[in-house]
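Participant: my_file_2.cif is reproduced in full below (mmCIF, C-alpha atoms).
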data_work
loop_
_atom_site.label_atom_id
_atom_site.label_comp_id
_atom_site.auth_asym_id
_atom_site.auth_seq_id
_atom_site.Cartn_x
_atom_site.Cartn_y
_atom_site.Cartn_z
CA MET A 1 43.86 31.74 7.06
CA PRO A 2 40.80 29.51 6.56
CA SER A 3 37.86 31.19 4.86
CA LYS A 4 34.33 31.19 6.23
CA LEU A 5 33.41 28.58 3.61
CA ASP A 6 36.23 26.34 4.82
CA TYR A 7 34.89 26.69 8.34
CA ILE A 8 31.35 25.72 7.21
CA PHE A 9 32.55 22.75 5.15
CA ASN A 10 34.87 21.53 7.89
CA THR A 11 32.07 21.77 10.44
CA PHE A 12 29.82 19.56 8.34
CA SER A 13 32.55 17.07 7.43
CA GLU A 14 33.38 16.66 11.12
CA ASN A 15 29.74 16.30 12.21
CA ASN A 16 29.45 12.84 13.77
CA LEU A 17 25.89 13.14 15.07
CA PHE A 18 24.62 10.69 12.41
CA GLU A 19 26.37 7.39 11.82
CA ASN A 20 24.23 6.93 8.70
CA LYS A 21 21.72 9.68 7.93
CA PHE A 22 20.25 7.68 5.01
CA VAL A 23 18.33 5.46 7.43
CA LEU A 24 16.12 8.44 8.34
CA GLN A 25 14.97 8.96 4.76
CA THR A 26 11.57 7.71 3.60
CA SER A 27 13.19 5.64 0.85
CA HIS A 28 15.07 3.52 3.39
CA THR A 29 13.64 0.07 4.18
CA PRO A 30 15.03 -1.30 7.45
CA GLU A 31 15.85 -4.98 7.85
CA THR A 32 13.80 -5.19 11.03
CA ILE A 33 10.71 -3.31 12.23
CA PRO A 34 10.96 -2.90 16.02
CA HIS A 35 7.84 -2.88 18.21
CA ARG A 36 5.48 -3.93 15.41
CA ASP A 37 5.75 -7.73 15.62
CA THR A 38 2.18 -8.29 16.82
CA LEU A 39 0.68 -5.98 14.19
CA ILE A 40 2.78 -7.55 11.42
CA GLU A 41 1.60 -10.98 12.53
CA GLN A 42 -2.02 -9.80 12.38
CA ILE A 43 -1.54 -8.55 8.81
CA ALA A 44 0.18 -11.81 7.86
CA SER A 45 -2.62 -13.92 9.38
CA ILE A 46 -5.25 -12.06 7.34
CA LEU A 47 -3.30 -12.33 4.06
CA ALA A 48 -1.88 -15.84 4.58
CA PRO A 49 -4.85 -17.67 2.93
CA SER A 50 -3.65 -16.16 -0.37
CA LEU A 51 -0.84 -18.76 -0.31
CA ARG A 52 -3.55 -21.38 -0.90
CA GLY A 53 -5.10 -19.29 -3.66
CA GLU A 54 -8.00 -18.23 -1.42
CA ARG A 55 -9.36 -14.71 -1.60
CA THR A 56 -8.50 -12.92 1.62
CA SER A 57 -10.66 -10.50 3.56
CA ASN A 58 -10.27 -6.89 2.53
CA LEU A 59 -7.98 -5.20 5.05
CA PHE A 60 -7.78 -1.59 6.20
CA VAL A 61 -4.76 -0.43 8.17
CA TYR A 62 -4.95 2.85 10.09
CA GLY A 63 -2.56 5.00 12.06
CA LYS A 64 -0.99 8.43 12.16
CA THR A 65 1.95 9.32 9.93
CA GLY A 66 5.15 7.60 11.05
CA THR A 67 3.58 4.66 12.88
CA GLY A 68 4.96 2.01 10.51
CA LYS A 69 1.76 1.15 8.60
CA THR A 70 3.14 1.14 5.06
CA LEU A 71 6.45 -0.36 6.15
CA SER A 72 4.70 -3.27 7.89
CA VAL A 73 2.30 -3.96 5.01
CA GLN A 74 5.18 -3.85 2.52
CA HIS A 75 7.19 -6.21 4.73
CA VAL A 76 4.37 -8.77 4.74
CA ARG A 77 3.95 -8.30 0.99
CA ASN A 78 7.64 -9.01 0.39
CA GLU A 79 7.58 -12.07 2.61
CA LEU A 80 4.46 -13.40 0.86
CA LEU A 81 6.03 -12.94 -2.57
CA LYS A 82 9.22 -14.61 -1.34
CA LYS A 83 7.18 -17.61 -0.15
CA VAL A 84 5.27 -17.70 -3.43
CA LYS A 85 8.54 -17.72 -5.39
CA GLU A 86 9.85 -20.60 -3.26
CA ASN A 87 6.69 -22.57 -4.05
CA GLY A 88 6.79 -21.78 -7.77
CA ASN A 89 3.68 -19.53 -7.57
CA ASN A 90 1.33 -22.42 -8.26
CA VAL A 91 -1.51 -20.35 -6.77
CA GLY A 92 -1.14 -17.41 -9.17
CA LEU A 93 -0.73 -14.74 -6.51
CA LYS A 94 0.05 -11.15 -7.51
CA ILE A 95 0.35 -8.19 -5.12
CA GLU A 96 0.45 -4.67 -6.51
CA TYR A 97 1.13 -1.48 -4.51
CA LEU A 98 -0.19 1.95 -5.44
CA ASN A 99 0.41 5.24 -3.62
CA CYS A 100 -2.85 7.15 -4.10
CA LYS A 101 -1.31 10.45 -3.05
CA LEU A 102 0.81 10.71 -6.18
CA LYS A 103 -0.63 13.44 -8.41
CA LYS A 104 -0.59 11.33 -11.54
CA VAL A 105 -2.66 8.67 -9.78
CA SER A 106 -5.15 10.10 -7.33
CA ASP A 107 -7.20 12.62 -9.28
CA THR A 108 -9.58 10.31 -11.13
CA GLU A 109 -10.83 6.74 -11.17
CA TYR A 110 -9.49 6.57 -14.73
CA ARG A 111 -5.92 7.35 -13.66
CA VAL A 112 -5.98 4.75 -10.90
CA LEU A 113 -7.13 2.11 -13.38
CA VAL A 114 -4.45 3.16 -15.87
CA GLU A 115 -1.74 2.73 -13.20
CA LEU A 116 -3.10 -0.66 -12.14
CA ILE A 117 -3.20 -1.89 -15.73
CA LYS A 118 0.36 -0.65 -16.28
CA LYS A 119 1.51 -2.59 -13.22
CA LEU A 120 0.03 -5.70 -14.82
CA GLY A 121 2.24 -5.13 -17.84
CA VAL A 122 -0.27 -3.68 -20.29
CA SER A 123 -0.13 -0.20 -21.82
CA VAL A 124 -3.31 1.89 -22.16
CA PRO A 125 -3.86 5.55 -23.14
CA ALA A 126 -3.45 8.01 -20.25
CA THR A 127 -6.69 9.67 -21.40
CA GLY A 128 -9.42 9.22 -23.97
CA LEU A 129 -11.18 5.94 -23.17
CA PRO A 130 -14.53 5.71 -21.38
CA THR A 131 -14.04 4.56 -17.77
CA ASP A 132 -16.39 1.60 -18.33
CA GLN A 133 -14.21 0.43 -21.20
CA LEU A 134 -11.15 0.70 -18.99
CA TYR A 135 -12.83 -1.46 -16.33
CA ASN A 136 -13.59 -4.05 -19.01
CA LYS A 137 -9.96 -3.96 -20.08
CA PHE A 138 -8.86 -4.47 -16.49
CA ILE A 139 -11.23 -7.44 -16.12
CA ASP A 140 -10.02 -9.02 -19.36
CA ILE A 141 -6.39 -8.73 -18.28
CA ILE A 142 -6.72 -10.32 -14.86
CA ASP A 143 -9.35 -12.91 -15.80
CA LYS A 144 -7.17 -14.59 -18.42
CA GLU A 145 -5.90 -16.99 -15.78
CA LYS A 146 -6.77 -18.31 -12.36
CA GLN A 147 -5.12 -15.92 -9.94
CA LEU A 148 -5.57 -13.83 -6.83
CA LEU A 149 -4.72 -10.15 -7.15
CA ILE A 150 -4.16 -8.23 -3.92
CA LEU A 151 -4.27 -4.47 -4.47
CA ILE A 152 -2.57 -2.32 -1.83
CA PHE A 153 -3.78 1.29 -1.87
CA ASP A 154 -1.63 3.57 0.28
CA GLU A 155 -3.27 6.86 1.37
CA ILE A 156 -6.58 5.43 0.14
CA ASP A 157 -8.56 8.15 1.92
CA HIS A 158 -6.86 10.71 -0.34
CA ALA A 159 -8.10 8.95 -3.46
CA VAL A 160 -11.65 8.50 -2.17
CA SER A 161 -11.87 12.16 -1.17
CA LYS A 162 -11.03 13.06 -4.77
CA MET A 163 -13.20 10.48 -6.53
CA SER A 164 -16.00 9.51 -4.09
CA ASP A 165 -16.40 6.07 -2.56
CA ASN A 166 -17.95 4.64 -5.74
CA PHE A 167 -14.42 3.70 -6.75
CA LEU A 168 -14.11 1.26 -3.83
CA TYR A 169 -17.58 -0.08 -4.48
CA ASN A 170 -16.80 -0.69 -8.16
CA LEU A 171 -13.60 -2.55 -7.29
CA THR A 172 -15.28 -4.84 -4.77
CA ARG A 173 -18.11 -5.61 -7.20
CA LEU A 174 -15.63 -6.71 -9.87
CA ASN A 175 -15.35 -10.11 -8.17
CA SER A 176 -18.89 -10.91 -9.30
CA GLU A 177 -17.80 -10.36 -12.92
CA LEU A 178 -14.64 -12.45 -12.70
CA SER A 179 -14.79 -16.15 -13.52
CA ARG A 180 -11.15 -17.19 -12.96
CA ALA A 181 -9.48 -14.42 -10.96
CA GLN A 182 -10.34 -12.75 -7.67
CA ILE A 183 -9.42 -9.39 -6.11
CA SER A 184 -8.68 -8.44 -2.51
CA ILE A 185 -8.04 -4.90 -1.28
CA VAL A 186 -5.63 -3.61 1.36
CA GLY A 187 -6.18 0.05 2.20
CA ILE A 188 -3.75 2.14 4.24
CA SER A 189 -4.99 5.40 5.75
CA ASN A 190 -3.93 8.08 8.24
CA ASP A 191 -7.63 8.70 8.99
CA VAL A 192 -9.02 6.23 11.54
CA THR A 193 -12.58 7.41 10.80
CA PHE A 194 -12.17 6.85 7.05
CA LEU A 195 -14.59 3.93 6.76
CA ASP A 196 -17.18 5.60 9.00
CA ASN A 197 -17.73 8.23 6.33
CA LEU A 198 -18.36 5.76 3.50
CA ASP A 199 -21.76 5.05 2.00
CA PRO A 200 -23.31 2.08 3.92
CA ARG A 201 -23.58 -0.02 0.73
CA VAL A 202 -19.86 0.52 0.09
CA ARG A 203 -18.99 -0.39 3.68
CA SER A 204 -21.12 -3.52 3.36
CA SER A 205 -19.47 -4.60 0.12
CA LEU A 206 -15.99 -4.33 1.64
CA SER A 207 -16.50 -6.89 4.45
CA GLU A 208 -13.21 -5.67 5.84
CA GLU A 209 -10.79 -6.43 8.64
CA GLU A 210 -9.27 -3.46 10.46
CA ILE A 211 -5.93 -2.96 12.20
CA VAL A 212 -4.96 0.25 14.00
CA PHE A 213 -1.31 1.21 14.47
CA PRO A 214 -0.80 3.25 17.66
CA PRO A 215 1.91 5.94 17.85
CA TYR A 216 5.31 4.86 19.16
CA ASN A 217 5.95 5.88 22.75
CA ALA A 218 9.12 7.68 23.84
CA LEU A 219 10.98 4.52 24.88
CA GLN A 220 10.15 2.81 21.59
CA LEU A 221 11.36 5.80 19.59
CA GLN A 222 14.58 5.84 21.61
CA ASP A 223 15.09 2.15 20.89
CA ILE A 224 14.42 2.64 17.14
CA LEU A 225 16.94 5.46 16.93
CA LYS A 226 19.56 3.35 18.67
#
Could you write out this file's structure as structure tokens?

Facilitator:
Amino acid sequence: MPSKLDYIFNTFSENNLFENKFVLQTSHTPETIPHRDTLIEQIASILAPSLRGERTSNLFVYGKTGTGKTLSVQHVRNELLKKVKENGNNVGLKIEYLNCKLKKVSDTEYRVLVELIKKLGVSVPATGLPTDQLYNKFIDIIDKEKQLLILIFDEIDHAVSKMSDNFLYNLTRLNSELSRAQISIVGISNDVTFLDNLDPRVRSSLSEEEIVFPPYNALQLQDILK
């Protein structure tokens, strides 16, 4: 006679509700992004000048959780890097992604800089250096060659709420200290009013483009699930 455990295990092994449950996990990257073509094209149009080595406008992408913001930005990033590789990267384009909600990243300006420097292939102490010295280190690293560095900050509102908006201001002002390299910022936020709460001088220094991702409607969600 089957035990209760056998019954439970058999029930789950025979469950055919999901053809592939992995596709519902956050780590899954789909091959296509339904119902976001227009928004993806807008992101691509703003970042496309980077293929000529031109500094792009800073871009802020808004929308509630689950609207495809990060997925769409990452898709454009991957396509840009693919195009750069095909062309031999003669423009010196680098695109780095940072999730500001990670605990080891978001608490301080210092930690964000440490993570950015690590992504550029240089090791620095996790603590102990003055923040100004870390900024100088960051400048030295990226200004060694002519290049455009696009920094994507996911959940950027989380970082700013922890550190104040001086962090954004300091990053945008770095361009005035760079002689060979340039920096552009892409911020992704669940808070549509994020920029409205920034200091006016910070808002002015950003000179940003904005794209808002609306929620999927019921028919779109049905189509995505299919």

Participant: Which neighbours of region 66-79 of chain A fall inside 8 Å, counting all atoms listed in the file, when residues of the same chain fewer than 4 positions from it are skipped, and could you give them as a short mmCIF file (atom, residue, chain, number, x, y, z; two decimals) with C-alpha atoms, keeping the file's coordinate frame?

Facilitator:
data_model
loop_
_atom_site.label_atom_id
_atom_site.label_comp_id
_atom_site.auth_asym_id
_atom_site.auth_seq_id
_atom_site.Cartn_x
_atom_site.Cartn_y
_atom_site.Cartn_z
CA THR A 29 13.64 0.07 4.18
CA ILE A 33 10.71 -3.31 12.23
CA ARG A 36 5.48 -3.93 15.41
CA LEU A 39 0.68 -5.98 14.19
CA ILE A 40 2.78 -7.55 11.42
CA ILE A 43 -1.54 -8.55 8.81
CA ALA A 44 0.18 -11.81 7.86
CA VAL A 61 -4.76 -0.43 8.17
CA TYR A 62 -4.95 2.85 10.09
CA LYS A 83 7.18 -17.61 -0.15
CA ILE A 95 0.35 -8.19 -5.12
CA ASP A 154 -1.63 3.57 0.28
CA ILE A 188 -3.75 2.14 4.24
CA PHE A 213 -1.31 1.21 14.47
CA PRO A 214 -0.80 3.25 17.66
CA PRO A 215 1.91 5.94 17.85
CA TYR A 216 5.31 4.86 19.16
#

Participant: With all atoms listed in the file as the atoms that count, which of A:Gln147, A:Ser57, A:Ser3, A:Asn166 lies nearest to Ile185 (chain A)?

Facilitator: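 Closest to Ile185 (chain A), using all atoms listed in the file: A:Ser57.
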
Participant: From the options A:Gly128, A:Pro49, A:Pro30, A:Gly187, which residue's atoms come nearest to Leu80 (chain A), counting only C-alpha atoms?

Facilitator: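 Checking each candidate against Leu80 (chain A), we get A:Pro49 as the closest.
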
Participant: Record the distance separating CA of Leu149 (chain A) and CA of Gly92 (chain A), expressed in Å with one decimal.

Facilitator: 8.3 Å

Participant: Mind pulling up the distance from CA of Thr56 (chain A) to CA of Leu148 (chain A)?

Facilitator: 9.0 Å

Participant: Record the distance separating CA of Asp223 (chain A) and CA of Tyr97 (chain A), expressed in Å with one decimal.

Facilitator: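 Pair CA of Asp223 (chain A) / CA of Tyr97 (chain A) returns 29.2 Å.
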
Participant: Fewer than 5 positions away in the same chain doesn't count, so skip those; otherwise give me all residues within 9 Å of Ser205 (chain A), counting only C-alpha atoms, as a PyMOL selection string.

Facilitator: chain A and resi 168-169+172-173+200

Participant: So that I can check the surroundings of Leu178 (chain A), please list as a list in words every protein, DNA and RNA residue that reaches within 9 Å of it, counting only C-alpha atoms and ignoring chain neighbours fewer than 5 positions away.

Facilitator: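 Near neighbours after the sequence-gap exclusion: Ile139, Asp140, Ile142, Asp143 and Ile183 of chain A.
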
Participant: Residues at most 10 Å from Val84 (chain A), counting all atoms listed in the file, excluding those fewer than 3 positions away in the same chain, as a VMD selection string?

Facilitator: chain A and resid 50 to 52 78 to 81 87 to 94

Participant: Taking into account all atoms listed in the file, which residue in the set A:Asn136, A:Gln42, A:Asn190, A:Ser27 is nearest to Leu171 (chain A)?

Facilitator: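 Comparing A:Asn136, A:Gln42, A:Asn190, A:Ser27 against Leu171 (chain A), the winner is A:Asn136.
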
Participant: Evaluating the PyMOL selection byres ((chain A and resi 207) around 9) on the displayed file yields which residues, as a tab-separated table (two decimals) with C-alpha atoms, in the frame of the given file?

Facilitator:
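This is the output file out_18.tsv:
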chain	number	residue	atom	x	y	z
A	57	SER	CA	-10.66	-10.50	3.56
A	58	ASN	CA	-10.27	-6.89	2.53
A	59	LEU	CA	-7.98	-5.20	5.05
A	203	ARG	CA	-18.99	-0.39	3.68
A	204	SER	CA	-21.12	-3.52	3.36
A	205	SER	CA	-19.47	-4.60	0.12
A	206	LEU	CA	-15.99	-4.33	1.64
A	208	GLU	CA	-13.21	-5.67	5.84
A	209	GLU	CA	-10.79	-6.43	8.64

Participant: List as number ranges by chain the protein and nucleic acid residues near region 109-115 of chain A, meaning an atom at most 8 Å away when only C-alpha atoms are counted, but skip any in the same chain fewer than 4 places from it.

Facilitator: A: 98, 100, 104-105, 119, 124-127, 131, 134-135, 138, 163, 167

Participant: If you keep N, CA, C and O atoms, can you output region 77-104 of chain A as a PDB file, in the first residue's frame?

Facilitator:
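File out18.pdb, as written:
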ATOM      1  N   ARG A  77      21.627  46.438 -23.858  1.00  0.00           N
ATOM      2  CA  ARG A  77      23.057  46.356 -23.501  1.00  0.00           C
ATOM      3  C   ARG A  77      23.735  45.208 -24.231  1.00  0.00           C
ATOM      4  O   ARG A  77      24.804  45.375 -24.826  1.00  0.00           O
ATOM      5  N   ASN A  78      23.118  44.035 -24.200  1.00  0.00           N
ATOM      6  CA  ASN A  78      23.707  42.865 -24.850  1.00  0.00           C
ATOM      7  C   ASN A  78      23.836  43.057 -26.351  1.00  0.00           C
ATOM      8  O   ASN A  78      24.836  42.650 -26.964  1.00  0.00           O
ATOM      9  N   GLU A  79      22.812  43.678 -26.951  1.00  0.00           N
ATOM     10  CA  GLU A  79      22.854  43.904 -28.393  1.00  0.00           C
ATOM     11  C   GLU A  79      23.921  44.938 -28.756  1.00  0.00           C
ATOM     12  O   GLU A  79      24.596  44.811 -29.789  1.00  0.00           O
ATOM     13  N   LEU A  80      24.080  45.954 -27.924  1.00  0.00           N
ATOM     14  CA  LEU A  80      25.129  46.951 -28.152  1.00  0.00           C
ATOM     15  C   LEU A  80      26.516  46.312 -28.084  1.00  0.00           C
ATOM     16  O   LEU A  80      27.369  46.543 -28.951  1.00  0.00           O
ATOM     17  N   LEU A  81      26.727  45.501 -27.062  1.00  0.00           N
ATOM     18  CA  LEU A  81      28.031  44.852 -26.894  1.00  0.00           C
ATOM     19  C   LEU A  81      28.310  43.865 -28.025  1.00  0.00           C
ATOM     20  O   LEU A  81      29.454  43.694 -28.444  1.00  0.00           O
ATOM     21  N   LYS A  82      27.244  43.222 -28.511  1.00  0.00           N
ATOM     22  CA  LYS A  82      27.393  42.308 -29.647  1.00  0.00           C
ATOM     23  C   LYS A  82      27.840  43.085 -30.895  1.00  0.00           C
ATOM     24  O   LYS A  82      28.739  42.664 -31.629  1.00  0.00           O
ATOM     25  N   LYS A  83      27.210  44.251 -31.101  1.00  0.00           N
ATOM     26  CA  LYS A  83      27.564  45.089 -32.246  1.00  0.00           C
ATOM     27  C   LYS A  83      28.991  45.623 -32.117  1.00  0.00           C
ATOM     28  O   LYS A  83      29.747  45.677 -33.096  1.00  0.00           O
ATOM     29  N   VAL A  84      29.360  45.998 -30.893  1.00  0.00           N
ATOM     30  CA  VAL A  84      30.710  46.489 -30.642  1.00  0.00           C
ATOM     31  C   VAL A  84      31.749  45.402 -30.953  1.00  0.00           C
ATOM     32  O   VAL A  84      32.796  45.671 -31.546  1.00  0.00           O
ATOM     33  N   LYS A  85      31.453  44.172 -30.539  1.00  0.00           N
ATOM     34  CA  LYS A  85      32.368  43.057 -30.783  1.00  0.00           C
ATOM     35  C   LYS A  85      32.525  42.806 -32.278  1.00  0.00           C
ATOM     36  O   LYS A  85      33.633  42.545 -32.770  1.00  0.00           O
ATOM     37  N   GLU A  86      31.414  42.913 -33.015  1.00  0.00           N
ATOM     38  CA  GLU A  86      31.459  42.722 -34.468  1.00  0.00           C
ATOM     39  C   GLU A  86      32.347  43.773 -35.129  1.00  0.00           C
ATOM     40  O   GLU A  86      33.031  43.495 -36.113  1.00  0.00           O
ATOM     41  N   ASN A  87      32.331  44.985 -34.562  1.00  0.00           N
ATOM     42  CA  ASN A  87      33.101  46.089 -35.140  1.00  0.00           C
ATOM     43  C   ASN A  87      34.516  46.196 -34.573  1.00  0.00           C
ATOM     44  O   ASN A  87      35.248  47.129 -34.896  1.00  0.00           O
ATOM     45  N   GLY A  88      34.877  45.264 -33.675  1.00  0.00           N
ATOM     46  CA  GLY A  88      36.216  45.290 -33.105  1.00  0.00           C
ATOM     47  C   GLY A  88      36.404  46.288 -31.986  1.00  0.00           C
ATOM     48  O   GLY A  88      37.526  46.587 -31.580  1.00  0.00           O
ATOM     49  N   ASN A  89      35.290  46.853 -31.473  1.00  0.00           N
ATOM     50  CA  ASN A  89      35.311  47.833 -30.371  1.00  0.00           C
ATOM     51  C   ASN A  89      36.326  48.950 -30.613  1.00  0.00           C
ATOM     52  O   ASN A  89      37.120  49.301 -29.743  1.00  0.00           O
ATOM     53  N   ASN A  90      36.269  49.522 -31.807  1.00  0.00           N
ATOM     54  CA  ASN A  90      37.176  50.630 -32.109  1.00  0.00           C
ATOM     55  C   ASN A  90      36.739  51.944 -31.461  1.00  0.00           C
ATOM     56  O   ASN A  90      37.425  52.957 -31.586  1.00  0.00           O
ATOM     57  N   VAL A  91      35.603  51.924 -30.762  1.00  0.00           N
ATOM     58  CA  VAL A  91      35.140  53.135 -30.078  1.00  0.00           C
ATOM     59  C   VAL A  91      35.411  53.075 -28.574  1.00  0.00           C
ATOM     60  O   VAL A  91      35.194  54.052 -27.863  1.00  0.00           O
ATOM     61  N   GLY A  92      35.875  51.918 -28.081  1.00  0.00           N
ATOM     62  CA  GLY A  92      36.189  51.800 -26.660  1.00  0.00           C
ATOM     63  C   GLY A  92      34.975  51.876 -25.761  1.00  0.00           C
ATOM     64  O   GLY A  92      34.979  52.579 -24.746  1.00  0.00           O
ATOM     65  N   LEU A  93      33.918  51.173 -26.130  1.00  0.00           N
ATOM     66  CA  LEU A  93      32.683  51.211 -25.340  1.00  0.00           C
ATOM     67  C   LEU A  93      32.678  50.113 -24.279  1.00  0.00           C
ATOM     68  O   LEU A  93      32.933  48.943 -24.580  1.00  0.00           O
ATOM     69  N   LYS A  94      32.376  50.493 -23.044  1.00  0.00           N
ATOM     70  CA  LYS A  94      32.175  49.538 -21.960  1.00  0.00           C
ATOM     71  C   LYS A  94      30.834  49.840 -21.296  1.00  0.00           C
ATOM     72  O   LYS A  94      30.484  51.007 -21.093  1.00  0.00           O
ATOM     73  N   ILE A  95      30.105  48.783 -20.943  1.00  0.00           N
ATOM     74  CA  ILE A  95      28.811  48.948 -20.262  1.00  0.00           C
ATOM     75  C   ILE A  95      28.816  48.046 -19.041  1.00  0.00           C
ATOM     76  O   ILE A  95      28.939  46.830 -19.162  1.00  0.00           O
ATOM     77  N   GLU A  96      28.689  48.649 -17.876  1.00  0.00           N
ATOM     78  CA  GLU A  96      28.715  47.889 -16.630  1.00  0.00           C
ATOM     79  C   GLU A  96      27.373  48.022 -15.903  1.00  0.00           C
ATOM     80  O   GLU A  96      26.808  49.119 -15.824  1.00  0.00           O
ATOM     81  N   TYR A  97      26.901  46.891 -15.370  1.00  0.00           N
ATOM     82  CA  TYR A  97      25.607  46.828 -14.671  1.00  0.00           C
ATOM     83  C   TYR A  97      25.836  46.617 -13.182  1.00  0.00           C
ATOM     84  O   TYR A  97      26.668  45.806 -12.778  1.00  0.00           O
ATOM     85  N   LEU A  98      25.087  47.358 -12.369  1.00  0.00           N
ATOM     86  CA  LEU A  98      25.196  47.228 -10.915  1.00  0.00           C
ATOM     87  C   LEU A  98      23.812  47.259 -10.289  1.00  0.00           C
ATOM     88  O   LEU A  98      23.042  48.201 -10.533  1.00  0.00           O
ATOM     89  N   ASN A  99      23.482  46.227  -9.518  1.00  0.00           N
ATOM     90  CA  ASN A  99      22.210  46.195  -8.795  1.00  0.00           C
ATOM     91  C   ASN A  99      22.409  46.878  -7.447  1.00  0.00           C
ATOM     92  O   ASN A  99      23.070  46.344  -6.558  1.00  0.00           O
ATOM     93  N   CYS A 100      21.843  48.054  -7.280  1.00  0.00           N
ATOM     94  CA  CYS A 100      22.068  48.857  -6.073  1.00  0.00           C
ATOM     95  C   CYS A 100      21.333  48.331  -4.849  1.00  0.00           C
ATOM     96  O   CYS A 100      21.517  48.848  -3.743  1.00  0.00           O
ATOM     97  N   LYS A 101      20.498  47.326  -5.035  1.00  0.00           N
ATOM     98  CA  LYS A 101      19.750  46.803  -3.895  1.00  0.00           C
ATOM     99  C   LYS A 101      20.525  45.724  -3.150  1.00  0.00           C
ATOM    100  O   LYS A 101      20.139  45.310  -2.062  1.00  0.00           O
ATOM    101  N   LEU A 102      21.616  45.252  -3.742  1.00  0.00           N
ATOM    102  CA  LEU A 102      22.429  44.259  -3.059  1.00  0.00           C
ATOM    103  C   LEU A 102      23.062  44.879  -1.820  1.00  0.00           C
ATOM    104  O   LEU A 102      23.594  45.983  -1.866  1.00  0.00           O
ATOM    105  N   LYS A 103      23.021  44.187  -0.707  1.00  0.00           N
ATOM    106  CA  LYS A 103      23.483  44.740   0.565  1.00  0.00           C
ATOM    107  C   LYS A 103      24.940  45.164   0.521  1.00  0.00           C
ATOM    108  O   LYS A 103      25.328  46.170   1.102  1.00  0.00           O
ATOM    109  N   LYS A 104      25.760  44.403  -0.168  1.00  0.00           N
ATOM    110  CA  LYS A 104      27.186  44.720  -0.190  1.00  0.00           C
ATOM    111  C   LYS A 104      27.497  45.931  -1.067  1.00  0.00           C
ATOM    112  O   LYS A 104      28.618  46.408  -1.093  1.00  0.00           O
TER     113      LYS A 104
END
